[in-house]
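Asks: Attaching a single structure in structure tokens format; questions to follow.
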Amino acid sequence: MSNRWKITYADGSTNNIIADEDFCKKITSDGDTYEAIVPEPLHPDAVRPHAEHEARMWRNSQLEQTDRFVPLTDHPNHTAIIQYRSDLRNWPSTESFPSGTKPTLGS
């Protein structure tokens with residue numbers, strides 16, 4: 001299996017490589033060592049900016065799709081659409097943002 005490895009040579013110098021362990025065994029000699037570089041797991045907060053961006057993109061598209069109904073005060077769903085738009089604008093300040101329940105029309 002390929003992995004990232006830190007090679008430490010007998011003189012103290014180091015090199016990071018991507019290889020399988022058999023290759024590391026072949027290139028090291030007396031006094032040289034190798035060890036796997038284990039990546040730090042992603043902290044949940046590291047994923048959040050991407051999720052927030054995606055959620056805002058969805059929210060903005062929903063607002064754009066309902067823009068045309070705002071001036072149509074005689075539209076049968078006008079009140080529900082206005083409430084939906086308000087819920088969309090408020091959604092980023094709720095606990096369900098970005099990965100919780102999205103606002104829905106008529107809820």
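By convention here, the chains of the structure tokens are called A, B, ... in the order presented, each chain's residues are numbered starting at 1, and ligands are numbered starting at 1 in the order presented.
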Using only C-alpha atoms, determine which residues lie at most 12 Å from range 33-42 of chain A, disregarding the query and same-chain residues fewer than 4 positions distant; provide the list as a PyMOL selection string.
Replies: chain A and resi 1-29+46-48
Asks: What would the file look like if the residues just selected were written as a compact mmCIF listing (two decimals), in the first residue's frame with C-alpha atoms?
Replies:
# COMPACT_ATOMS: atom_id res chain seq x y z
CA MET A 1 0.00 0.00 0.00
CA SER A 2 1.35 3.44 -0.92
CA ASN A 3 1.79 5.89 1.88
CA ARG A 4 3.82 8.89 2.88
CA TRP A 5 7.07 8.02 4.59
CA LYS A 6 9.78 9.97 6.37
CA ILE A 7 13.23 8.61 5.62
CA THR A 8 15.93 9.54 8.15
CA TYR A 9 19.44 8.90 6.90
CA ALA A 10 22.43 8.00 9.06
CA ASP A 11 23.78 11.57 8.71
CA GLY A 12 20.54 12.96 10.23
CA SER A 13 19.08 14.36 7.01
CA THR A 14 15.49 13.50 6.17
CA ASN A 15 13.32 13.13 3.13
CA ASN A 16 9.58 12.62 2.75
CA ILE A 17 8.44 10.29 -0.01
CA ILE A 18 5.31 8.59 -1.28
CA ALA A 19 5.94 4.88 -1.75
CA ASP A 20 5.06 1.47 -0.44
CA GLU A 21 6.86 0.00 2.54
CA ASP A 22 8.81 -2.52 0.45
CA PHE A 23 10.41 0.35 -1.44
CA CYS A 24 11.39 2.02 1.84
CA LYS A 25 13.05 -1.20 2.96
CA LYS A 26 15.04 -1.35 -0.29
CA ILE A 27 16.35 2.22 -0.16
CA THR A 28 17.38 2.28 3.48
CA SER A 29 20.65 0.82 4.66
CA ALA A 46 -12.27 22.18 8.80
CA VAL A 47 -15.18 20.80 6.80
CA ARG A 48 -17.64 23.47 7.95
Asks: Within 12 Å of Ser96 in chain A, counting only C-alpha atoms, which residues show up once you throw out same-chain ones fewer than 6 positions away? Write them as a PyMOL selection string, please.
Replies: chain A and resi 51-52+55+87-88+90+102-103
Asks: Output N, CA and C atoms of each residue in that selection to a file, as a PDB file, in the first residue's frame.
Replies:
ATOM      1  N   ALA A  51     -19.214  23.278   3.776  1.00  0.00           N
ATOM      2  CA  ALA A  51     -20.644  23.026   3.966  1.00  0.00           C
ATOM      3  C   ALA A  51     -21.417  24.337   4.020  1.00  0.00           C
ATOM      4  N   GLU A  52     -20.853  25.342   4.667  1.00  0.00           N
ATOM      5  CA  GLU A  52     -21.515  26.649   4.732  1.00  0.00           C
ATOM      6  C   GLU A  52     -21.634  27.257   3.337  1.00  0.00           C
ATOM      7  N   ALA A  55     -24.335  25.423   1.411  1.00  0.00           N
ATOM      8  CA  ALA A  55     -25.657  25.768   1.931  1.00  0.00           C
ATOM      9  C   ALA A  55     -26.068  27.170   1.492  1.00  0.00           C
ATOM     10  N   ASP A  87     -37.612  32.740   5.920  1.00  0.00           N
ATOM     11  CA  ASP A  87     -36.943  31.584   6.537  1.00  0.00           C
ATOM     12  C   ASP A  87     -35.578  31.331   5.898  1.00  0.00           C
ATOM     13  N   LEU A  88     -35.483  31.484   4.577  1.00  0.00           N
ATOM     14  CA  LEU A  88     -34.205  31.302   3.883  1.00  0.00           C
ATOM     15  C   LEU A  88     -33.177  32.329   4.348  1.00  0.00           C
ATOM     16  N   ASN A  90     -33.098  33.887   7.193  1.00  0.00           N
ATOM     17  CA  ASN A  90     -32.772  33.675   8.610  1.00  0.00           C
ATOM     18  C   ASN A  90     -32.034  32.368   8.876  1.00  0.00           C
ATOM     19  N   LYS A 102     -33.283  22.132   6.068  1.00  0.00           N
ATOM     20  CA  LYS A 102     -33.387  23.334   5.236  1.00  0.00           C
ATOM     21  C   LYS A 102     -34.812  23.861   5.308  1.00  0.00           C
ATOM     22  N   PRO A 103     -34.963  25.168   5.150  1.00  0.00           N
ATOM     23  CA  PRO A 103     -36.316  25.719   5.070  1.00  0.00           C
ATOM     24  C   PRO A 103     -37.046  25.121   3.860  1.00  0.00           C
TER      25      PRO A 103
END
Asks: DSSP says strand (DSSP E or B) for which residues of chain A? Put them as an NGL selection string?
Replies: :A and (2-8 or 14-20 or 33-36)
Asks: Determine the nearest neighbour of Arg89 in chain A from the options A:Glu54, A:Gly31, A:Ser107, A:Leu63, counting only C-alpha atoms.
Replies: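 For Arg89 in chain A, the nearest of the given residues is A:Leu63.
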Asks: Provide the CA of Pro76 in chain A to CA of Thr101 in chain A distance in Å, to one decimal place.
Replies: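 Straight-line distance from CA of Pro76 in chain A to CA of Thr101 in chain A works out to 25.6 Å.
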Asks: Using only C-alpha atoms for the distances, tell me which of A:Ser61, A:Leu105, A:His43, A:Ser93 is nearest to Ala80 in chain A.
Replies: A:Leu105
Asks: Thr79 in chain A: which residues within 12 Å, counting only C-alpha atoms, same-chain residues fewer than 6 positions away excluded, as a PyMOL selection string?
Replies: chain A and resi 69-73+85-86+105-107
Asks: Store the residues picked out above, limited to C-alpha atoms, as an mmCIF file, in the first residue's frame.
Replies:
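The resulting file, again11.cif, is shown below:
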data_model
loop_
_atom_site.group_PDB
_atom_site.id
_atom_site.type_symbol
_atom_site.label_atom_id
_atom_site.label_comp_id
_atom_site.auth_asym_id
_atom_site.auth_seq_id
_atom_site.Cartn_x
_atom_site.Cartn_y
_atom_site.Cartn_z
ATOM 1 C CA PHE A 69 -43.235 35.993 -7.077
ATOM 2 C CA VAL A 70 -42.592 38.851 -4.635
ATOM 3 C CA PRO A 71 -44.397 41.555 -6.663
ATOM 4 C CA LEU A 72 -47.304 39.228 -7.487
ATOM 5 C CA THR A 73 -49.411 40.005 -4.436
ATOM 6 C CA ARG A 85 -37.950 33.752 1.703
ATOM 7 C CA SER A 86 -37.806 35.070 5.254
ATOM 8 C CA LEU A 105 -41.948 26.258 1.133
ATOM 9 C CA GLY A 106 -45.199 26.036 3.030
ATOM 10 C CA SER A 107 -43.760 24.774 6.316
#
